[in-house]
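S.K.: Take a look at run34.cif, mmCIF, C-alpha atoms:
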data_data
#
loop_
_atom_site.label_atom_id
_atom_site.label_comp_id
_atom_site.auth_asym_id
_atom_site.auth_seq_id
_atom_site.Cartn_x
_atom_site.Cartn_y
_atom_site.Cartn_z
CA MET T 118 145.23 4.66 99.57
CA GLU T 119 141.64 4.45 100.66
CA MET T 120 139.75 7.74 100.58
CA LYS T 121 137.08 8.35 103.31
CA THR T 122 134.11 10.56 102.66
CA PHE T 123 132.32 12.41 105.48
CA ARG T 124 128.76 13.67 105.10
CA SER T 125 127.68 16.74 107.08
CA PRO T 126 124.15 17.14 108.46
CA CYS T 127 121.73 18.94 106.17
CA GLN T 128 121.22 22.66 106.91
CA HIS T 129 117.71 24.03 106.47
CA GLY T 130 116.86 27.82 106.35
CA GLY T 131 113.83 29.48 108.11
CA PHE T 132 111.55 28.17 110.87
CA THR T 133 109.45 25.10 111.20
CA LEU T 134 105.69 25.51 111.53
CA VAL T 135 105.86 24.85 115.29
CA GLU T 136 108.60 27.46 115.75
CA THR T 137 106.60 30.01 113.78
CA VAL T 138 103.46 29.44 115.85
CA VAL T 139 105.44 29.80 119.10
CA ALA T 140 107.13 33.02 117.88
CA VAL T 141 103.81 34.57 116.84
CA GLY T 142 102.29 33.62 120.17
CA LEU T 143 105.14 35.24 122.07
CA LEU T 144 104.82 38.37 119.94
CA ILE T 145 101.09 38.60 120.68
CA VAL T 146 101.73 38.24 124.40
CA ILE T 147 104.41 40.97 124.28
CA VAL T 148 102.09 43.31 122.37
CA LEU T 149 99.20 42.67 124.78
CA PHE T 150 101.35 43.43 127.81
CA SER T 151 103.26 46.38 126.31
CA THR T 152 100.29 48.25 124.76
CA PRO T 153 98.80 49.43 128.10
CA LEU T 154 102.26 50.45 129.28
CA LEU T 155 102.91 52.38 126.08
CA THR T 156 99.49 54.02 126.33
CA ASN T 157 100.11 55.03 129.94
CA VAL T 158 103.52 56.46 129.10
CA THR T 159 102.06 58.41 126.17
CA ASN T 160 99.18 59.73 128.28
CA PHE T 161 101.58 60.72 131.06
CA TYR T 162 103.80 62.56 128.57
CA ASN T 163 100.85 64.38 126.96
CA GLU T 164 99.45 65.31 130.37
CA ALA T 165 102.84 66.59 131.53
CA ILE T 166 103.17 68.76 128.41
CA PHE T 167 99.62 70.07 128.89
CA ARG T 168 100.21 70.93 132.55
CA SER T 169 103.51 72.60 131.70
CA ASN T 170 101.91 74.76 128.99
CA LEU T 171 98.99 75.67 131.26
CA LYS T 172 101.31 76.65 134.10
CA GLU T 173 103.53 78.67 131.77
CA SER T 174 100.55 80.62 130.39
CA ALA T 175 99.35 81.33 133.94
CA VAL T 176 102.77 82.57 135.03
CA ILE T 177 103.07 84.79 131.95
CA ALA T 178 99.65 86.33 132.65
CA GLN T 179 100.59 87.00 136.26
CA GLU T 180 103.95 88.53 135.38
CA ARG T 181 102.47 90.84 132.74
CA ILE T 182 99.83 92.09 135.18
CA LEU T 183 102.35 92.58 137.98
CA ASP T 184 104.67 94.52 135.69
CA ASP T 185 102.10 97.34 135.72
CA LEU T 186 100.77 96.96 139.25
CA ILE T 187 104.12 96.71 141.03
CA SER T 188 104.68 100.47 140.61
CA ALA T 189 101.03 101.55 140.39
CA LYS T 190 99.02 104.00 142.43
CA ILE T 191 95.58 102.50 143.08
CA VAL T 192 92.74 104.93 142.45
CA SER T 193 89.79 102.71 143.36
CA LEU T 194 88.87 99.09 143.99
CA ASP T 195 85.58 97.29 143.41
CA ALA T 196 85.95 93.90 145.07
CA THR T 197 82.37 93.13 146.05
CA SER T 198 80.43 93.05 142.78
CA SER T 199 80.19 90.12 140.37
CA ASN T 200 82.59 92.02 138.05
CA PRO T 201 85.44 93.17 140.34
CA SER T 202 87.92 95.72 139.05
CA VAL T 203 90.93 97.82 140.03
CA VAL T 204 91.53 101.33 138.66
CA PHE T 205 95.10 102.62 138.86
CA THR T 206 97.75 104.86 137.33
CA VAL T 207 101.42 104.18 136.66
CA PRO T 208 104.49 106.43 136.40
CA VAL T 209 104.77 107.90 132.89
CA GLU T 210 107.67 109.73 131.32
CA GLN T 211 107.17 113.43 130.52
CA ASN T 212 109.24 116.49 129.64
CA ASN T 213 109.73 118.29 132.96
CA GLY T 214 111.21 121.37 131.33
CA THR T 215 114.78 120.15 131.17
CA GLN T 216 114.57 116.46 130.21
CA LEU T 217 112.33 113.42 129.91
CA ASP T 218 111.68 112.08 133.39
CA PHE T 219 109.11 110.31 135.56
CA LEU T 220 109.35 113.15 138.11
CA ASP T 221 108.22 116.74 137.75
CA PRO T 222 110.40 119.70 138.86
CA ASN T 223 109.05 119.29 142.43
CA GLY T 224 110.07 115.63 142.57
CA ASP T 225 106.52 114.32 142.33
CA VAL T 226 105.68 111.35 140.12
CA TYR T 227 103.91 111.89 136.80
CA TRP T 228 100.98 109.48 137.23
CA GLY T 229 99.01 108.40 134.18
CA ALA T 230 98.80 105.71 131.51
CA VAL T 231 100.44 104.80 128.24
CA GLU T 232 97.85 105.41 125.54
CA ALA T 233 98.05 104.65 121.83
CA SER T 234 99.50 108.15 121.30
CA GLY T 235 102.10 107.71 124.06
CA PRO T 236 102.48 108.37 127.81
CA MET T 237 99.71 110.65 129.13
CA VAL T 238 99.41 112.27 132.56
CA ASP T 239 96.22 111.67 134.52
CA THR T 240 94.38 114.88 135.50
CA PHE T 241 90.89 115.64 136.74
CA ALA T 242 89.98 117.34 133.44
CA ASP T 243 91.77 114.77 131.25
CA PRO T 244 91.88 111.35 132.99
CA HIS T 245 94.27 108.68 131.81
CA ARG T 246 93.99 105.55 133.93
CA LEU T 247 94.09 101.78 133.65
CA THR T 248 91.30 99.45 134.67
CA LEU T 249 91.98 95.78 135.42
CA ARG T 250 88.70 93.86 135.36
CA VAL T 251 87.34 90.37 134.96
CA LEU T 252 85.96 89.35 131.59
CA SER T 253 83.47 86.48 131.91
CA THR T 254 83.20 84.29 128.81
CA GLY T 255 81.85 80.94 129.99
CA SER T 256 81.41 78.47 132.80
CA ILE T 257 82.82 75.17 133.99
CA SER T 258 81.45 72.47 136.29
CA GLU T 259 83.53 70.48 138.74
CA GLU T 260 81.78 67.28 137.72
CA ALA T 261 82.73 67.74 134.07
CA VAL T 262 86.44 68.16 134.82
CA HIS T 263 86.63 65.80 137.84
CA THR T 264 88.16 68.56 139.99
CA ASP T 265 87.11 70.04 143.34
CA LEU T 266 87.91 73.66 142.53
CA ASN T 267 86.66 75.19 145.79
CA HIS T 268 87.98 72.44 148.10
CA ASP T 269 84.58 71.76 149.72
CA GLY T 270 84.81 67.99 149.39
CA ASP T 271 82.48 67.49 146.42
CA THR T 272 82.37 68.11 142.66
CA LEU T 273 78.86 69.54 142.45
CA ASP T 274 79.62 73.24 141.91
CA THR T 275 79.73 75.44 138.82
CA PHE T 276 82.06 78.39 138.22
CA LEU T 277 82.31 81.35 135.88
CA THR T 278 85.43 81.37 133.72
CA GLY T 279 87.07 83.96 131.55
CA SER T 280 90.03 86.32 131.48
CA LEU T 281 91.49 89.45 133.02
CA ALA T 282 91.33 92.52 130.80
CA LEU T 283 93.52 95.60 131.23
CA ARG T 284 92.17 98.72 129.51
CA THR T 285 93.33 102.33 129.43
CA THR T 286 91.00 105.32 129.43
CA GLY T 287 91.82 105.81 125.77
CA GLY T 288 90.80 102.27 124.86
CA VAL T 289 94.10 100.35 124.65
CA GLU T 290 93.30 96.82 125.91
CA SER T 291 95.23 93.67 126.71
CA VAL T 292 93.72 90.31 127.76
CA PHE T 293 95.44 87.82 130.09
CA GLY T 294 94.70 84.18 130.94
CA GLN T 295 92.49 83.85 127.88
CA ASP T 296 89.29 81.97 128.90
CA ARG T 297 91.21 79.90 131.47
CA MET T 298 90.74 81.89 134.65
CA VAL T 299 88.20 80.79 137.26
CA LEU T 300 86.55 84.09 138.18
CA SER T 301 83.93 83.17 140.77
CA GLN T 302 81.48 80.53 141.84
CA ALA T 303 78.15 80.68 139.97
CA GLY T 304 76.31 83.81 141.10
CA GLY T 305 79.48 85.90 141.42
CA VAL T 306 80.50 84.46 144.78
CA ALA T 307 84.17 84.44 145.86
CA PHE T 308 85.42 80.97 146.82
CA ASP T 309 88.31 79.17 148.48
CA MET T 310 91.03 78.89 145.83
CA ASP T 311 93.89 77.53 147.91
CA GLY T 312 92.21 75.09 150.30
CA ASP T 313 92.57 77.06 153.55
CA LYS T 314 88.77 77.27 154.09
CA ILE T 315 88.82 81.07 153.50
CA SER T 316 87.30 82.78 150.45
CA ASP T 317 89.81 84.27 148.03
CA PRO T 318 88.41 87.23 146.05
CA ILE T 319 90.36 88.06 142.88
CA PHE T 320 91.05 91.56 144.25
CA THR T 321 91.12 92.61 147.89
CA ILE T 322 92.83 95.15 150.14
CA VAL T 323 94.72 93.56 153.04
CA GLY T 324 96.16 95.52 155.94
CA GLU T 325 95.29 97.70 158.88
CA THR T 326 91.57 98.39 159.38
CA PHE T 327 90.46 101.78 158.02
CA VAL T 328 87.32 103.86 157.50
CA ASP T 329 86.55 104.14 153.78
CA SER T 330 85.12 107.67 153.92
CA ASN T 331 84.83 108.17 150.14
CA GLY T 332 83.66 104.61 149.40
CA ASN T 333 86.33 103.87 146.79
CA GLY T 334 87.18 100.50 148.31
CA MET T 335 90.68 101.37 149.53
CA TYR T 336 92.56 103.50 151.99
CA ASP T 337 93.24 107.14 151.07
CA GLN T 338 95.46 109.56 152.94
CA GLY T 339 93.50 111.37 155.61
CA GLU T 340 91.10 108.50 156.33
CA SER T 341 91.19 107.19 159.89
CA PHE T 342 92.74 103.78 160.51
CA VAL T 343 93.89 101.47 163.28
CA ASP T 344 97.66 101.96 163.55
CA VAL T 345 98.55 98.47 164.75
CA ASN T 346 102.34 98.93 164.61
CA SER T 347 102.27 102.60 165.77
CA ASN T 348 104.30 103.89 162.83
CA SER T 349 101.77 106.65 161.98
CA THR T 350 101.36 105.17 158.49
CA TRP T 351 98.62 102.95 157.13
CA ASP T 352 100.20 99.65 156.13
CA GLY T 353 98.51 97.47 153.55
CA TYR T 354 98.66 96.03 150.09
CA LEU T 355 96.56 94.90 147.17
CA ARG T 356 96.16 91.12 147.05
CA ILE T 357 95.43 89.38 143.75
CA ASN T 358 94.29 85.74 143.68
CA MET T 359 94.44 83.96 140.33
CA LEU T 360 93.18 80.43 139.65
CA THR T 361 93.80 79.07 136.17
CA VAL T 362 92.18 75.86 134.94
CA GLY T 363 92.50 73.83 131.76
CA VAL T 364 91.03 70.56 130.48
CA ASP T 365 93.25 67.99 128.78
CA ARG T 366 92.24 65.61 125.99
CA SER T 367 90.97 63.04 128.47
CA GLY T 368 88.55 65.57 129.94
CA HIS T 369 90.36 65.99 133.27
CA GLY T 370 90.91 69.43 134.71
CA HIS T 371 94.25 70.83 135.87
CA GLN T 372 94.52 73.94 138.03
CA PHE T 373 97.22 76.38 139.12
CA TYR T 374 96.81 78.95 141.88
CA HIS T 375 98.87 82.14 142.15
CA ARG T 376 98.77 84.86 144.81
CA ALA T 377 100.47 88.24 144.64
CA ASN T 378 100.68 90.94 147.33
CA ILE T 379 101.43 94.42 145.96
CA GLN T 380 102.55 97.27 148.19
CA LEU T 381 100.40 100.37 147.67
CA HIS T 382 101.81 103.77 146.69
CA TYR T 383 100.37 107.16 147.61
CA ASN T 384 102.91 109.79 146.58
#
Would it be possible to restate this file's structure as structure tokens?
M.R.:
Amino acid sequence: MEMKTFRSPCQHGGFTLVETVVAVGLLIVIVLFSTPLLTNVTNFYNEAIFRSNLKESAVIAQERILDDLISAKIVSLDATSSNPSVVFTVPVEQNNGTQLDFLDPNGDVYWGAVEASGPMVDTFADPHRLTLRVLSTGSISEEAVHTDLNHDGDTLDTFLTGSLALRTTGGVESVFGQDRMVLSQAGGVAFDMDGDKISDPIFTIVGETFVDSNGNGMYDQGESFVDVNSNSTWDGYLRINMLTVGVDRSGHGHQFYHRANIQLHYN
């Protein structure tokens, strides 16, 4: 019987020189095209994280301030100077003779402040109040952060930046919006924060027109006013405008605007 032998083609491992050159070329092309995309995705992610953190810090600052002001009785308001401030008291818990309460035996609120030693009632002889004021720590230019902060169509203006500081008569202090709040345009001038072509002071009283007889910047019972809705009560509130700005690693500015209207208490 005749035996037949079959020979199979030779098998070689690896790539030829031509195949290697082509593969390297394709890899270079892929890298060149994918690098900008990867960079853009990374920048977008970092910017999104930055904006999220900035917004969160702004919201926290606003909420902490409103926690006190939502139930406050405003004593005075200075909204016109380069360092505006609001002085107020809050309900404090005291022993009314039978139990701890925010109301005295006549049903009136114990107004005061929480000092380091505890809740203290505000009196003429022994005042215990809170002062919310701006704390200027630096400045920022629109050109540097590529942002039109006052919505006037250019980036040529400079603004004072800083924080809001809340301090009791006894010296207990908290700081909000650390160095990220836009306080005023250079020179202490209020500016348009929200783009409606109207200046937005950090603090202002909004409501029915009144005659500020004692010059404390706000309406007090007994002062004459225009009773627009004929309810025999002055209607108004404290408005707070807060603009927070931050600069990311690329040098671009990001801003968040918050407005709060707080009903005023007089009892």
S.K.: Check the smallest atom-to-atom distance from each of T:Asp265, T:Asp185, T:Glu259, T:Asp271 to Leu247 (chain T) using only C-alpha atoms, then report the winner.
M.R.: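 Closest to Leu247 (chain T), using only C-alpha atoms: T:Asp185.
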S.K.: I'd like the residues picked by the PyMOL selection byres ((chain T and resi 230-242) around 8) written out as a PDB file with C-alpha atoms, keeping the file's coordinate frame, using the chain letters and numbers from the file.
M.R.:
ATOM      1  CA  THR T 206      97.750 104.860 137.330  1.00  0.00           C
ATOM      2  CA  VAL T 207     101.420 104.180 136.660  1.00  0.00           C
ATOM      3  CA  PRO T 208     104.490 106.430 136.400  1.00  0.00           C
ATOM      4  CA  VAL T 209     104.770 107.900 132.890  1.00  0.00           C
ATOM      5  CA  GLU T 210     107.670 109.730 131.320  1.00  0.00           C
ATOM      6  CA  GLN T 211     107.170 113.430 130.520  1.00  0.00           C
ATOM      7  CA  TYR T 227     103.910 111.890 136.800  1.00  0.00           C
ATOM      8  CA  TRP T 228     100.980 109.480 137.230  1.00  0.00           C
ATOM      9  CA  GLY T 229      99.010 108.400 134.180  1.00  0.00           C
ATOM     10  CA  ASP T 243      91.770 114.770 131.250  1.00  0.00           C
ATOM     11  CA  PRO T 244      91.880 111.350 132.990  1.00  0.00           C
ATOM     12  CA  HIS T 245      94.270 108.680 131.810  1.00  0.00           C
ATOM     13  CA  ARG T 246      93.990 105.550 133.930  1.00  0.00           C
ATOM     14  CA  LEU T 247      94.090 101.780 133.650  1.00  0.00           C
ATOM     15  CA  THR T 285      93.330 102.330 129.430  1.00  0.00           C
ATOM     16  CA  THR T 286      91.000 105.320 129.430  1.00  0.00           C
ATOM     17  CA  GLY T 287      91.820 105.810 125.770  1.00  0.00           C
ATOM     18  CA  GLY T 288      90.800 102.270 124.860  1.00  0.00           C
ATOM     19  CA  VAL T 289      94.100 100.350 124.650  1.00  0.00           C
TER      20      VAL T 289
END
S.K.: Which one of T:Gly270, T:Gly334, T:Gly305, T:Gly339 sits closest to Ser256 (chain T) if you count all atoms listed in the file?
M.R.: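 Going through T:Gly270, T:Gly334, T:Gly305, T:Gly339 one by one, the smallest distance to Ser256 (chain T) is for T:Gly305.
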S.K.: Taking the file as shown, what set of residues would the PyMOL selection byres ((chain T and resi 249-252) around 8) give back, as a PyMOL selection string?
M.R.: chain T and resi 200-204+247-248+253-254+279-284+300
S.K.: Between CA of Asp352 (chain T) and CA of Leu381 (chain T), what is the distance in Å, rounded to a tenth?
M.R.: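 Atom-to-atom, CA of Asp352 (chain T) and CA of Leu381 (chain T) are spaced 8.5 Å apart.
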S.K.: Env of Gly255 (chain T): 9 Å cut, atoms = only C-alpha atoms, seq-sep filter 2 positions within chain, self excluded. Answer as a VMD selection string.
M.R.: chain T and resid 253 257 276 to 279 296
